[in-house]
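Have a look at the structure below, then the notes.
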Amino acid sequence: MGEPYVLNSMMHFNTAYPTVTNYLPTLIWNGYSQEHHSMCCTWSNEQMIAYWTGHGFENVALVDAKAFDDTDQAGAYVDSSQFGQTARLAFAGAVLRGADEAARSALSGTRTVFIIKQLKGAGVHKLGAKSHNLYPPDTLDAAHMIEGLKRRALSPEAWAIVRENFVRAGGGPAVKTSVTEHVLQINPLPALPIREFPVGDKQVPATTFGALVAHVGQHDPRFVVTNADGNEASAMANINVALKIRHPVTDDLYNQGPAGQVYEPLNEDACAGLAASLALFGSRSLWLSYESFAINGWPIVQTVTQAMAELRRRTPSMICMFTAGALEQGRNGWTHQRPEIENYFAAQMRNGNVYPLFPCDANQIQAAYEWALGTHNKGIAIIASKSPLPVYSTLDQAREGIEKGAVSLYESTAGAKTVVFAVTGDMALLPVFEAKDRLEALGVRVRIVSCANPRRLYRPTDVSWSTVSEPDNAFMDDDHFNALFDGDALIGVSGGPGGPLEPVMLRSRAPRRDMFVWQRGETTASPGEIMAFNGITAEAMTERTQSLLA
């Protein structure tokens, strides 16, 4: 770590998991941080130690190169490559001993940090790593590069020792010794307690999902749910009741206790980071968030799913579920409604191992989680509502939509011309079904298609599926695609942006196409008002359909 900006998250984690100490922060306290001076460059050693001690670290090991300098260098940060041979070896020995003692301390249950205070990157690039970019003049013909290499050169005998150290370090090659090179054995899960709700019933997708999450946690003690904004606010209190919020103070009112499996740091970066790292190391996890706040943590998921795409071993997929999407969160428009993150997910669908899922109801969200739990080395984001909404699909239809990418929820029996509504999400279906009634009264044939897993709706050539671990080449073929989406007009509808519907618009043969999607947030009192503000209404859809078919 270059600078100590993550200590608050570490302190929170230490409080929640006081016995987990199999990590060792190592700070290279340098004086430079990329292209500027380190923000802590004016601190004394005592200030630095106090800073880490104040954040819960009981043992702060600090090795200062200045104490070994035999060349009278100016400043608090010195270049060890300028030392004489005896001083260089003494400094290197102090670093090795300090690292060994710090590691033993950390693995023995003491919160420990190891700090090396020196000028790093000495001489081989810009002196003191003043820049982390190579520029055209930085070649092996440049004088500063040549001088740096000469100054740091070792004899052939010394290089032989370096090579031997690397061979022996860690007990052997990393491919044989590192936990990240092996599949972690985790508890097999019994069948999920999936309930089939009758079509036409009203159920809360988020609560239905929470029941399955609770089941997973009760059968897998390693399973951790991370959430920053409160499961109760997202209609998933059943998760907290079953698995408990992890907290040193036991309180039944808040469903919390020291052995809880729900981690709530009120920090989306920490939520995404812990869930993603658990998945990367081979354990099941789940990140829950309001869709609007997820943007703070999603870049971490992007980084980890990229790593999963390149791993030589299987991991459980990184699974997220985001509730209170734009249409539901009618209040606090500019602070809470940020559905544009769905375009972020959509852009990553072409990576080969990222899947945004848009279940249409309580039956399909169960199918979505069931499918996600059976996948490996993927990043999966499930987007669903926390409001009671109609059930549109049977369980068989729900599974078909997740597995194949899309499923027809409704089709008129008659009509001179056909309009197809391609819909992502659940709440966005409300105005679509209302528009259906109006259009049928006008003699228009209507087909409503739930695009639940749009990554499957691309063509194989659109996605880098063959370049990733655990490749998935299941894409809807042209015949099935055309049977779903062919019509005289195609209208895409989303409670979020239009990106997830790209594969439909890309492949559709409909002669006329249009979209009703998110435009921007506003403070409103109800979902209906925010949909109307964005033009997502039955009246507008009816008028647009008539215009397209005219």
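Naming scheme: A, B, ... for chains in displayed order of the structure tokens; residues 1 onward per chain; ligands 1 onward as shown.
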
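Excluding A:Val241 itself and any same-chain residue fewer than 4 positions from it, the protein and nucleic acid residues within 9 Å of it, counting only C-alpha atoms, are A:Ala214, A:Ala237, A:Ile245, A:Asp252, A:Tyr254, A:Asn255, A:Gln256.
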
Distance query A:Arg438 at most 9 Å, only C-alpha atoms, self and fewer than 5 positions along chain excluded, as an NGL selection string: :A and (433 or 444 or 538-539 or 542)

Polymer residues at most 9 Å from A:Ala414, only C-alpha atoms, same-chain spacing of 5 or more positions, as a list in words: Glu440, Gly443, Val444, Arg445 and Val446 of chain A

Could you write out that same residue set with N, CA and C atoms as a PDB file, in the first residue's frame?
```
ATOM      1  N   GLU A 440     -54.832  -3.654 -27.608  1.00  0.00           N
ATOM      2  CA  GLU A 440     -55.737  -4.713 -28.053  1.00  0.00           C
ATOM      3  C   GLU A 440     -57.122  -4.147 -28.383  1.00  0.00           C
ATOM      4  N   GLY A 443     -57.194  -3.096 -31.789  1.00  0.00           N
ATOM      5  CA  GLY A 443     -56.995  -4.114 -32.808  1.00  0.00           C
ATOM      6  C   GLY A 443     -55.550  -4.457 -33.087  1.00  0.00           C
ATOM      7  N   VAL A 444     -54.655  -4.154 -32.166  1.00  0.00           N
ATOM      8  CA  VAL A 444     -53.228  -4.447 -32.343  1.00  0.00           C
ATOM      9  C   VAL A 444     -52.879  -5.724 -31.585  1.00  0.00           C
ATOM     10  N   ARG A 445     -52.134  -6.566 -32.221  1.00  0.00           N
ATOM     11  CA  ARG A 445     -51.643  -7.793 -31.582  1.00  0.00           C
ATOM     12  C   ARG A 445     -50.393  -7.433 -30.766  1.00  0.00           C
ATOM     13  N   VAL A 446     -50.322  -7.902 -29.519  1.00  0.00           N
ATOM     14  CA  VAL A 446     -49.233  -7.527 -28.606  1.00  0.00           C
ATOM     15  C   VAL A 446     -48.520  -8.774 -28.094  1.00  0.00           C
TER      16      VAL A 446
END
```

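If you measure from each of A:Glu543, A:Asn453, A:Asp486, A:Asn227 to A:Leu266 using only C-alpha atoms, the closest one turns out to be A:Asn227.
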
Contact residues around A:Ala489 with only C-alpha atoms at 6 Å, ignoring same-chain residues under 2 positions, as a VMD selection string: chain A and resid 419 487 510 512 to 513

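Each of A:Val225, A:Leu253, A:Leu243, A:Ala372 was compared to A:Ser289 using only C-alpha atoms, and A:Val225 turns out to be the nearest.
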